[in-house]
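Trainee: My structure is in start-v3.pdb, and what it holds is PDB, C-alpha atoms and all ligand atoms:
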```
MODEL        1
ATOM      1  CA  MET D 961      31.276  46.708 162.593  1.00  0.00           C
ATOM      2  CA  ASN D 962      30.371  50.405 162.413  1.00  0.00           C
ATOM      3  CA  ILE D 963      32.574  52.614 164.558  1.00  0.00           C
ATOM      4  CA  VAL D 964      32.502  56.214 165.712  1.00  0.00           C
ATOM      5  CA  LEU D 965      35.883  57.738 166.586  1.00  0.00           C
ATOM      6  CA  MET D 966      35.718  60.751 168.864  1.00  0.00           C
ATOM      7  CA  GLY D 967      38.380  63.030 170.309  1.00  0.00           C
ATOM      8  CA  CYS D 968      39.410  66.660 170.612  1.00  0.00           C
ATOM      9  CA  PRO D 969      41.308  68.378 167.763  1.00  0.00           C
ATOM     10  CA  GLY D 970      44.702  66.718 167.348  1.00  0.00           C
ATOM     11  CA  ALA D 971      43.761  63.575 169.292  1.00  0.00           C
ATOM     12  CA  GLY D 972      44.672  61.398 166.295  1.00  0.00           C
ATOM     13  CA  LYS D 973      41.251  60.474 164.871  1.00  0.00           C
ATOM     14  CA  GLY D 974      42.426  60.764 161.269  1.00  0.00           C
ATOM     15  CA  THR D 975      45.590  58.737 161.832  1.00  0.00           C
ATOM     16  CA  GLN D 976      43.749  55.965 163.670  1.00  0.00           C
ATOM     17  CA  SER D 977      40.891  55.930 161.153  1.00  0.00           C
ATOM     18  CA  ALA D 978      43.318  55.333 158.298  1.00  0.00           C
ATOM     19  CA  LYS D 979      44.854  52.401 160.180  1.00  0.00           C
ATOM     20  CA  LEU D 980      41.421  50.965 161.014  1.00  0.00           C
ATOM     21  CA  GLN D 981      40.267  51.355 157.418  1.00  0.00           C
ATOM     22  CA  ASP D 982      43.191  49.185 156.289  1.00  0.00           C
ATOM     23  CA  LYS D 983      42.893  46.569 158.991  1.00  0.00           C
ATOM     24  CA  TYR D 984      39.110  46.038 158.964  1.00  0.00           C
ATOM     25  CA  GLN D 985      38.330  47.096 155.337  1.00  0.00           C
ATOM     26  CA  LEU D 986      36.001  49.831 156.524  1.00  0.00           C
ATOM     27  CA  HIS D 987      34.635  52.772 154.588  1.00  0.00           C
ATOM     28  CA  HIS D 988      36.276  55.814 156.211  1.00  0.00           C
ATOM     29  CA  ILE D 989      34.116  58.916 156.382  1.00  0.00           C
ATOM     30  CA  SER D 990      35.990  61.974 157.614  1.00  0.00           C
ATOM     31  CA  THR D 991      33.498  64.820 157.594  1.00  0.00           C
ATOM     32  CA  GLY D 992      36.406  67.295 157.828  1.00  0.00           C
ATOM     33  CA  ASP D 993      37.936  65.857 154.623  1.00  0.00           C
ATOM     34  CA  VAL D 994      34.531  65.849 152.902  1.00  0.00           C
ATOM     35  CA  LEU D 995      34.046  69.527 153.754  1.00  0.00           C
ATOM     36  CA  ARG D 996      37.599  70.488 152.733  1.00  0.00           C
ATOM     37  CA  LYS D 997      37.061  68.790 149.344  1.00  0.00           C
ATOM     38  CA  GLU D 998      33.849  70.743 148.902  1.00  0.00           C
ATOM     39  CA  ILE D 999      35.758  73.977 149.598  1.00  0.00           C
ATOM     40  CA  ALA D1000      38.555  72.997 147.183  1.00  0.00           C
ATOM     41  CA  SER D1001      35.969  72.393 144.434  1.00  0.00           C
ATOM     42  CA  GLU D1002      34.862  76.034 144.827  1.00  0.00           C
ATOM     43  CA  SER D1003      31.219  74.961 144.679  1.00  0.00           C
ATOM     44  CA  THR D1004      28.468  77.220 146.055  1.00  0.00           C
ATOM     45  CA  LEU D1005      28.286  75.003 149.120  1.00  0.00           C
ATOM     46  CA  GLY D1006      32.065  75.108 149.462  1.00  0.00           C
ATOM     47  CA  LYS D1007      32.009  78.899 149.446  1.00  0.00           C
ATOM     48  CA  GLN D1008      29.270  78.921 152.106  1.00  0.00           C
ATOM     49  CA  ILE D1009      31.151  76.689 154.498  1.00  0.00           C
ATOM     50  CA  ALA D1010      34.761  77.879 153.995  1.00  0.00           C
ATOM     51  CA  GLN D1011      34.543  80.718 156.492  1.00  0.00           C
ATOM     52  CA  ILE D1012      32.786  78.594 159.121  1.00  0.00           C
ATOM     53  CA  ILE D1013      35.507  75.965 158.996  1.00  0.00           C
ATOM     54  CA  ASP D1014      38.462  78.336 158.788  1.00  0.00           C
ATOM     55  CA  GLN D1015      37.193  80.097 161.903  1.00  0.00           C
ATOM     56  CA  GLY D1016      36.930  76.816 163.768  1.00  0.00           C
ATOM     57  CA  ASN D1017      33.133  76.781 164.069  1.00  0.00           C
ATOM     58  CA  LEU D1018      30.815  73.877 163.338  1.00  0.00           C
ATOM     59  CA  VAL D1019      28.874  73.561 160.106  1.00  0.00           C
ATOM     60  CA  PRO D1020      25.125  73.737 160.995  1.00  0.00           C
ATOM     61  CA  ASP D1021      23.640  70.374 161.999  1.00  0.00           C
ATOM     62  CA  LYS D1022      20.937  70.290 159.310  1.00  0.00           C
ATOM     63  CA  LEU D1023      23.451  70.759 156.494  1.00  0.00           C
ATOM     64  CA  MET D1024      25.997  68.371 158.021  1.00  0.00           C
ATOM     65  CA  ILE D1025      23.405  65.649 158.550  1.00  0.00           C
ATOM     66  CA  SER D1026      22.137  65.874 154.966  1.00  0.00           C
ATOM     67  CA  ILE D1027      25.717  65.698 153.610  1.00  0.00           C
ATOM     68  CA  LEU D1028      26.432  62.640 155.750  1.00  0.00           C
ATOM     69  CA  GLU D1029      23.182  60.870 154.904  1.00  0.00           C
ATOM     70  CA  LYS D1030      24.039  61.007 151.195  1.00  0.00           C
ATOM     71  CA  ILE D1031      27.462  59.431 151.772  1.00  0.00           C
ATOM     72  CA  VAL D1032      26.224  56.721 154.146  1.00  0.00           C
ATOM     73  CA  SER D1033      23.518  55.601 151.738  1.00  0.00           C
ATOM     74  CA  THR D1034      26.072  55.060 148.956  1.00  0.00           C
ATOM     75  CA  THR D1035      28.085  52.347 150.700  1.00  0.00           C
ATOM     76  CA  ASP D1036      27.279  48.813 151.831  1.00  0.00           C
ATOM     77  CA  LYS D1037      30.589  48.523 153.657  1.00  0.00           C
ATOM     78  CA  ASP D1038      30.901  48.938 157.396  1.00  0.00           C
ATOM     79  CA  ILE D1039      31.851  52.500 158.235  1.00  0.00           C
ATOM     80  CA  ILE D1040      34.278  54.351 160.446  1.00  0.00           C
ATOM     81  CA  PHE D1041      32.884  57.779 161.295  1.00  0.00           C
ATOM     82  CA  ASP D1042      35.704  60.253 161.910  1.00  0.00           C
ATOM     83  CA  GLY D1043      34.576  63.675 163.095  1.00  0.00           C
ATOM     84  CA  PHE D1044      30.860  62.869 163.113  1.00  0.00           C
ATOM     85  CA  PRO D1045      28.795  63.213 165.267  1.00  0.00           C
ATOM     86  CA  ARG D1046      30.008  66.457 166.795  1.00  0.00           C
ATOM     87  CA  THR D1047      26.739  67.406 168.493  1.00  0.00           C
ATOM     88  CA  VAL D1048      24.015  65.455 170.284  1.00  0.00           C
ATOM     89  CA  ALA D1049      21.590  66.372 167.456  1.00  0.00           C
ATOM     90  CA  GLN D1050      24.004  64.749 164.973  1.00  0.00           C
ATOM     91  CA  ALA D1051      24.314  61.643 167.187  1.00  0.00           C
ATOM     92  CA  GLU D1052      20.521  61.290 167.286  1.00  0.00           C
ATOM     93  CA  ALA D1053      20.301  61.791 163.524  1.00  0.00           C
ATOM     94  CA  LEU D1054      23.022  59.185 162.955  1.00  0.00           C
ATOM     95  CA  ASP D1055      21.128  56.616 165.026  1.00  0.00           C
ATOM     96  CA  GLY D1056      17.966  57.340 163.038  1.00  0.00           C
ATOM     97  CA  MET D1057      19.706  57.108 159.681  1.00  0.00           C
ATOM     98  CA  MET D1058      21.504  53.871 160.582  1.00  0.00           C
ATOM     99  CA  GLN D1059      18.251  52.357 161.830  1.00  0.00           C
ATOM    100  CA  ARG D1060      16.479  53.240 158.585  1.00  0.00           C
ATOM    101  CA  LEU D1061      19.275  51.465 156.692  1.00  0.00           C
ATOM    102  CA  GLY D1062      19.026  48.400 158.971  1.00  0.00           C
ATOM    103  CA  ARG D1063      22.422  49.104 160.518  1.00  0.00           C
ATOM    104  CA  ASN D1064      23.687  50.312 163.838  1.00  0.00           C
ATOM    105  CA  ILE D1065      26.705  51.818 165.566  1.00  0.00           C
ATOM    106  CA  ASP D1066      28.646  49.040 167.297  1.00  0.00           C
ATOM    107  CA  LYS D1067      31.307  50.972 169.163  1.00  0.00           C
ATOM    108  CA  VAL D1068      32.201  54.546 170.018  1.00  0.00           C
ATOM    109  CA  ILE D1069      35.834  55.149 170.896  1.00  0.00           C
ATOM    110  CA  MET D1070      37.041  58.377 172.450  1.00  0.00           C
ATOM    111  CA  ILE D1071      40.773  59.040 171.975  1.00  0.00           C
ATOM    112  CA  THR D1072      41.727  61.141 174.986  1.00  0.00           C
ATOM    113  CA  LEU D1073      44.515  63.734 174.970  1.00  0.00           C
ATOM    114  CA  PRO D1074      45.519  66.276 177.649  1.00  0.00           C
ATOM    115  CA  GLU D1075      44.789  69.799 176.424  1.00  0.00           C
ATOM    116  CA  SER D1076      48.380  70.796 177.167  1.00  0.00           C
ATOM    117  CA  GLU D1077      49.392  68.507 174.255  1.00  0.00           C
ATOM    118  CA  VAL D1078      46.909  69.809 171.707  1.00  0.00           C
ATOM    119  CA  VAL D1079      48.452  73.080 170.455  1.00  0.00           C
ATOM    120  CA  GLY D1080      51.954  71.589 170.185  1.00  0.00           C
ATOM    121  CA  ARG D1081      50.680  68.598 168.244  1.00  0.00           C
ATOM    122  CA  ILE D1082      48.567  70.627 165.880  1.00  0.00           C
ATOM    123  CA  SER D1083      51.239  73.235 165.136  1.00  0.00           C
ATOM    124  CA  SER D1084      53.520  70.476 163.857  1.00  0.00           C
ATOM    125  CA  ARG D1085      50.720  68.896 161.826  1.00  0.00           C
ATOM    126  CA  ARG D1086      50.653  68.995 158.035  1.00  0.00           C
ATOM    127  CA  GLN D1087      48.109  67.491 155.655  1.00  0.00           C
ATOM    128  CA  CYS D1088      48.594  66.330 152.085  1.00  0.00           C
ATOM    129  CA  ARG D1089      46.333  68.116 149.589  1.00  0.00           C
ATOM    130  CA  LYS D1090      46.296  65.060 147.339  1.00  0.00           C
ATOM    131  CA  CYS D1091      45.970  61.930 149.508  1.00  0.00           C
ATOM    132  CA  GLU D1092      44.831  63.734 152.733  1.00  0.00           C
ATOM    133  CA  LYS D1093      47.433  61.924 154.816  1.00  0.00           C
ATOM    134  CA  ILE D1094      48.211  63.669 158.103  1.00  0.00           C
ATOM    135  CA  LEU D1095      51.866  63.988 159.150  1.00  0.00           C
ATOM    136  CA  GLN D1096      53.670  65.260 162.223  1.00  0.00           C
ATOM    137  CA  ILE D1097      56.852  67.137 161.308  1.00  0.00           C
ATOM    138  CA  GLY D1098      59.813  67.627 163.648  1.00  0.00           C
ATOM    139  CA  PRO D1099      60.785  71.103 165.019  1.00  0.00           C
ATOM    140  CA  ASP D1100      63.629  71.527 162.489  1.00  0.00           C
ATOM    141  CA  GLU D1101      61.869  69.955 159.542  1.00  0.00           C
ATOM    142  CA  SER D1102      60.158  71.871 156.775  1.00  0.00           C
ATOM    143  CA  GLU D1103      58.799  69.066 154.607  1.00  0.00           C
ATOM    144  CA  LYS D1104      56.674  70.382 151.773  1.00  0.00           C
ATOM    145  CA  VAL D1105      55.952  67.183 149.913  1.00  0.00           C
ATOM    146  CA  CYS D1106      54.004  64.111 151.019  1.00  0.00           C
ATOM    147  CA  PRO D1107      56.369  61.129 151.371  1.00  0.00           C
ATOM    148  CA  GLU D1108      53.526  58.800 150.283  1.00  0.00           C
ATOM    149  CA  CYS D1109      52.236  60.417 147.093  1.00  0.00           C
ATOM    150  CA  GLY D1110      54.362  63.515 146.400  1.00  0.00           C
ATOM    151  CA  GLY D1111      51.354  65.820 146.940  1.00  0.00           C
ATOM    152  CA  GLU D1112      51.752  69.273 148.465  1.00  0.00           C
ATOM    153  CA  LEU D1113      51.782  69.400 152.279  1.00  0.00           C
ATOM    154  CA  TYR D1114      49.954  72.333 153.849  1.00  0.00           C
ATOM    155  CA  THR D1115      48.995  73.721 157.231  1.00  0.00           C
ATOM    156  CA  ARG D1116      45.228  73.858 157.622  1.00  0.00           C
ATOM    157  CA  PRO D1117      43.919  77.433 158.098  1.00  0.00           C
ATOM    158  CA  ASP D1118      42.044  76.275 161.231  1.00  0.00           C
ATOM    159  CA  ASP D1119      45.252  74.867 162.754  1.00  0.00           C
ATOM    160  CA  THR D1120      46.679  78.203 164.013  1.00  0.00           C
ATOM    161  CA  PRO D1121      47.033  78.393 167.848  1.00  0.00           C
ATOM    162  CA  GLU D1122      44.120  80.911 168.161  1.00  0.00           C
ATOM    163  CA  ARG D1123      41.790  78.820 166.012  1.00  0.00           C
ATOM    164  CA  VAL D1124      42.755  75.656 167.866  1.00  0.00           C
ATOM    165  CA  LYS D1125      41.919  77.355 171.162  1.00  0.00           C
ATOM    166  CA  HIS D1126      38.504  78.268 169.764  1.00  0.00           C
ATOM    167  CA  ARG D1127      37.966  74.758 168.374  1.00  0.00           C
ATOM    168  CA  LEU D1128      38.663  73.386 171.843  1.00  0.00           C
ATOM    169  CA  GLU D1129      35.971  75.673 173.288  1.00  0.00           C
ATOM    170  CA  VAL D1130      33.521  74.479 170.647  1.00  0.00           C
ATOM    171  CA  TYR D1131      34.538  70.896 171.412  1.00  0.00           C
ATOM    172  CA  HIS D1132      33.809  71.358 175.121  1.00  0.00           C
ATOM    173  CA  GLN D1133      30.501  73.029 174.553  1.00  0.00           C
ATOM    174  CA  ASP D1134      29.039  71.005 171.671  1.00  0.00           C
ATOM    175  CA  THR D1135      30.925  67.734 171.277  1.00  0.00           C
ATOM    176  CA  LEU D1136      31.694  66.528 174.794  1.00  0.00           C
ATOM    177  CA  PRO D1137      27.957  66.066 175.551  1.00  0.00           C
ATOM    178  CA  VAL D1138      27.977  63.410 172.799  1.00  0.00           C
ATOM    179  CA  LYS D1139      30.134  61.313 175.127  1.00  0.00           C
ATOM    180  CA  ASN D1140      27.292  61.113 177.666  1.00  0.00           C
ATOM    181  CA  TYR D1141      24.832  60.271 174.896  1.00  0.00           C
ATOM    182  CA  TYR D1142      26.863  57.196 173.941  1.00  0.00           C
ATOM    183  CA  ALA D1143      27.952  56.291 177.487  1.00  0.00           C
ATOM    184  CA  ALA D1144      24.264  55.768 178.290  1.00  0.00           C
ATOM    185  CA  SER D1145      24.052  53.161 175.509  1.00  0.00           C
ATOM    186  CA  GLY D1146      27.001  51.094 176.799  1.00  0.00           C
ATOM    187  CA  LYS D1147      28.843  51.426 173.476  1.00  0.00           C
ATOM    188  CA  TYR D1148      31.394  53.913 174.714  1.00  0.00           C
ATOM    189  CA  ALA D1149      35.084  53.244 175.457  1.00  0.00           C
ATOM    190  CA  GLU D1150      38.137  55.473 175.978  1.00  0.00           C
ATOM    191  CA  VAL D1151      41.680  54.996 174.735  1.00  0.00           C
ATOM    192  CA  ASN D1152      44.709  57.008 175.848  1.00  0.00           C
ATOM    193  CA  GLY D1153      45.809  59.082 172.853  1.00  0.00           C
ATOM    194  CA  ASN D1154      48.954  60.343 174.538  1.00  0.00           C
ATOM    195  CA  GLN D1155      51.074  57.476 173.208  1.00  0.00           C
ATOM    196  CA  THR D1156      52.699  56.645 169.888  1.00  0.00           C
ATOM    197  CA  PRO D1157      50.212  56.096 167.031  1.00  0.00           C
ATOM    198  CA  GLU D1158      51.137  52.402 167.074  1.00  0.00           C
ATOM    199  CA  GLN D1159      50.383  52.071 170.800  1.00  0.00           C
ATOM    200  CA  VAL D1160      47.090  53.922 170.417  1.00  0.00           C
ATOM    201  CA  PHE D1161      46.171  51.641 167.513  1.00  0.00           C
ATOM    202  CA  GLU D1162      46.899  48.557 169.592  1.00  0.00           C
ATOM    203  CA  ASP D1163      44.581  49.826 172.333  1.00  0.00           C
ATOM    204  CA  VAL D1164      41.863  50.724 169.823  1.00  0.00           C
ATOM    205  CA  CYS D1165      42.063  47.240 168.279  1.00  0.00           C
ATOM    206  CA  ASN D1166      41.863  45.639 171.724  1.00  0.00           C
ATOM    207  CA  VAL D1167      38.617  47.485 172.367  1.00  0.00           C
ATOM    208  CA  LEU D1168      37.235  46.420 168.980  1.00  0.00           C
ATOM    209  CA  GLU D1169      38.241  42.772 169.336  1.00  0.00           C
ATOM    210  CA  LYS D1170      35.854  42.563 172.299  1.00  0.00           C
ATOM    211  CA  VAL D1171      32.982  43.725 170.074  1.00  0.00           C
ATOM    212  CA  LYS D1172      33.475  41.173 167.314  1.00  0.00           C
TER     213      LYS D1172
HETATM  214  P1  LIG D1201      38.256  67.894 161.281  1.00  0.00           P
HETATM  215  O1  LIG D1201      39.020  67.651 160.037  1.00  0.00           O
HETATM  216  O2  LIG D1201      37.483  66.712 161.745  1.00  0.00           O
HETATM  217  O3  LIG D1201      39.118  68.497 162.380  1.00  0.00           O
HETATM  218  O4  LIG D1201      37.140  69.002 160.934  1.00  0.00           O
HETATM  219  C1  LIG D1201      37.516  70.282 160.494  1.00  0.00           C
HETATM  220  C2  LIG D1201      36.349  71.234 160.592  1.00  0.00           C
HETATM  221  O5  LIG D1201      35.285  70.809 159.737  1.00  0.00           O
HETATM  222  C3  LIG D1201      35.715  71.363 161.976  1.00  0.00           C
HETATM  223  O6  LIG D1201      36.422  72.249 162.827  1.00  0.00           O
HETATM  224  C4  LIG D1201      34.341  71.915 161.593  1.00  0.00           C
HETATM  225  O7  LIG D1201      34.427  73.267 161.210  1.00  0.00           O
HETATM  226  C5  LIG D1201      34.022  71.109 160.337  1.00  0.00           C
HETATM  227  N1  LIG D1201      33.346  69.842 160.672  1.00  0.00           N
HETATM  228  C6  LIG D1201      33.856  68.582 160.531  1.00  0.00           C
HETATM  229  N2  LIG D1201      32.977  67.665 160.945  1.00  0.00           N
HETATM  230  C7  LIG D1201      31.886  68.353 161.361  1.00  0.00           C
HETATM  231  C8  LIG D1201      30.651  67.967 161.931  1.00  0.00           C
HETATM  232  N3  LIG D1201      30.350  66.683 162.177  1.00  0.00           N
HETATM  233  N4  LIG D1201      29.764  68.952 162.247  1.00  0.00           N
HETATM  234  C9  LIG D1201      30.038  70.240 162.016  1.00  0.00           C
HETATM  235  N5  LIG D1201      31.190  70.683 161.504  1.00  0.00           N
HETATM  236  C10 LIG D1201      32.119  69.748 161.172  1.00  0.00           C
ENDMDL
END
```
Turn the structure described in the file into C-alpha cells.
Mentor:
Amino acid sequence: MNIVLMGCPGAGKGTQSAKLQDKYQLHHISTGDVLRKEIASESTLGKQIAQIIDQGNLVPDKLMISILEKIVSTTDKDIIFDGFPRTVAQAEALDGMMQRLGRNIDKVIMITLPESEVVGRISSRRQCRKCEKILQIGPDESEKVCPECGGELYTRPDDTPERVKHRLEVYHQDTLPVKNYYAASGKYAEVNGNQTPEQVFEDVCNVLEKVK
C-alpha cells in the first residue's frame, strides 16, 4: 500500500507518517527531512537549497522530482510520501515514476486543519536534529533535548510566524490544486487533523483499512 499524506504546514503529516511507518512497515519518505539533511551535510546542493527552504518557498520541481526518483528506486517496500507531491507537476511525475516501477499510489489522505490553528501549533513545534522526531512543547516548557534519543531539539528556521504565513500562501497557490488532481482519481480522502494525534491516527487507519 503506497500512501500520500497531504496537509498544510503543521497539520501533523510527520507525526502521522511515523505512526503509519511503524504500523504498516512502510518506507517513510519525508522530502522536508531529506532536504534538511542535505543542508546539514553542507553539500553544494544543500547550499543551493538552504535559502529557498528557510524562506518558505518550494524547491524547483525538476530538482525535487530527480531527488525523489533516486530514493523511490532504492526501496522495494511500500512507501508513505510525506510532503510530496506539493505541486501538480510533482503529482504527475510521481504517477509516471510509480508506473515505470510497476507500482501505484493506493490512497491520498489530506489531514485538514483550520488556519487559525496553524501558527500556534507551529510556534510550539520542535524537531530533533538527530532522530527527526517532531514534538509539541507546552507554553511554559523549554525542552532542549529529545526525550527519545537525547538529540538536540531546535526550532526550524522556516517555522517563524512570518515564514509560516508565507508557507500557507505557497500551500494555497501550489499545493491545494494537487487535491483536485487526486480527487479526480477517486483515491482521495480527508481526515480531521484538529484532534489528538491518537484520534487522527485512528481516523487515518480507518481510511486505510478500506483500501486493503
Ligand atoms: P516540510 O518538512 O514538509 O514542512 O518541508 C519543509 C520545506 O522543504 C518546504 O517548505 C519546502 O521549502 C521544502 N520542500 C519539502 N518538500 C518539498 C516538495 N515536495 N517540493 C518542493 N519543496 C519541498
Trainee: Given the choices D:Pro1121, D:Gly1062, D:Gly967, D:Gly1146, which gets closest to ligand LIG 1201 (chain D) if the distance is worked out from all atoms listed in the file?
Mentor: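 Of all the options, D:Gly967 lies closest to ligand LIG 1201 (chain D).
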Trainee: Just checking: using only C-alpha atoms, which residue out of D:Glu1169, D:Val1151, D:Ile989, D:Glu1052 ends up closest to Ile1031 of chain D?
Mentor: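 The shortest atom-to-atom distance to Ile1031 of chain D comes from D:Ile989.
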Trainee: My list of candidates is D:Asn1152, D:Cys968, D:Leu1005, D:Asp1038. Which is closest to Ile1082 of chain D when distances are computed with all atoms listed in the file?
Mentor: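 That would be D:Cys968, the residue with the smallest distance to Ile1082 of chain D.
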Trainee: Show me, as a Markdown table, the residues of chain D having an atom within 7 Å of ligand LIG 1201 (chain D), each with the closest atom pair and its distance in Å, using all atoms listed in the file.
Mentor:
```
| residue | atom | partner | partner_atom | distance |
| --- | --- | --- | --- | --- |
| D:Pro969 | CA | D:LIG1201 | O3 | 5.8 |
| D:Ser990 | CA | D:LIG1201 | O2 | 6.5 |
| D:Thr991 | CA | D:LIG1201 | N2 | 4.4 |
| D:Gly992 | CA | D:LIG1201 | O1 | 3.4 |
| D:Asp993 | CA | D:LIG1201 | O1 | 5.8 |
| D:Leu995 | CA | D:LIG1201 | O5 | 6.2 |
| D:Ile1012 | CA | D:LIG1201 | O7 | 6.0 |
| D:Ile1013 | CA | D:LIG1201 | O7 | 3.7 |
| D:Asp1014 | CA | D:LIG1201 | O7 | 6.9 |
| D:Gly1016 | CA | D:LIG1201 | O6 | 4.7 |
| D:Asn1017 | CA | D:LIG1201 | O7 | 4.7 |
| D:Leu1018 | CA | D:LIG1201 | N5 | 3.7 |
| D:Val1019 | CA | D:LIG1201 | N5 | 3.9 |
| D:Pro1020 | CA | D:LIG1201 | C9 | 6.1 |
| D:Asp1021 | CA | D:LIG1201 | N4 | 6.3 |
| D:Met1024 | CA | D:LIG1201 | N4 | 5.7 |
| D:Asp1042 | CA | D:LIG1201 | O2 | 6.7 |
| D:Gly1043 | CA | D:LIG1201 | O2 | 4.4 |
| D:Phe1044 | CA | D:LIG1201 | N3 | 4.0 |
| D:Pro1045 | CA | D:LIG1201 | N3 | 4.9 |
| D:Arg1046 | CA | D:LIG1201 | N3 | 4.6 |
| D:Arg1127 | CA | D:LIG1201 | O6 | 6.3 |
```
Trainee: Leaving out segment 1164-1167 of chain D and any residue of its chain fewer than 2 positions from it, which residues lie within 9 Å of it when counting only C-alpha atoms, given as JSON, numbers by chain?
Mentor: {"D": [976, 980, 1067, 1069, 1071, 1149, 1150, 1151, 1159, 1160, 1161, 1162, 1169, 1170, 1171]}
Trainee: Write out as a PyMOL selection string which residues come within 7 Å of Thr1047 of chain D when counting only C-alpha atoms, dropping same-chain ones fewer than 6 positions away.
Mentor: chain D and resi 1134-1135+1138
Trainee: Within 8 Å of (31.2, 56.6, 176.1), all atoms listed in the file: residues as a PyMOL selection string?
Mentor: chain D and resi 1068-1070+1139-1150
Trainee: So that I can see what lies close to Ile1097 of chain D, please list as a PyMOL selection string the residues with an atom at most 9 Å from it, counting all atoms listed in the file and leaving out residues fewer than 4 positions away in the same chain.
Mentor: chain D and resi 1084-1086+1101-1103
Trainee: Could you save those same residues with C-alpha atoms as a JSON list (two decimals), in the frame of the given file?
Mentor:
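Okay, this is what ended up in part.json:
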```json
[["chain", "number", "residue", "atom", "x", "y", "z"],
["D", 1084, "SER", "CA", 53.52, 70.48, 163.86],
["D", 1085, "ARG", "CA", 50.72, 68.90, 161.83],
["D", 1086, "ARG", "CA", 50.65, 69.00, 158.04],
["D", 1101, "GLU", "CA", 61.87, 69.96, 159.54],
["D", 1102, "SER", "CA", 60.16, 71.87, 156.78],
["D", 1103, "GLU", "CA", 58.80, 69.07, 154.61]]
```
Trainee: Could you please determine the separation between atom CA of Lys983 of chain D and atom CA of Pro1107 of chain D in Å, to one decimal place?
Mentor: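 One can read the atom CA of Lys983 of chain D to atom CA of Pro1107 of chain D distance as 21.3 Å.
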Trainee: Nearest to Gly1006 of chain D: which of D:Gly1111, D:Gln1087, D:Leu1023, D:Val1078 is it, counting only C-alpha atoms?
Mentor: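 Under the stated criterion, the closest residue is D:Leu1023.
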Trainee: Mind giving me the straight-line distance from atom CA of Arg1123 of chain D to atom CA of Gln1015 of chain D in Å, one decimal?
Mentor: 6.3 Å
Trainee: Find the spatial neighbours of Lys1022 of chain D, counting only C-alpha atoms, within a cut-off of 10 Å - ignore same-chain residues fewer than 6 positions away - and output them as a ChimeraX atom specification.
Mentor: /D:1049-1050,1053
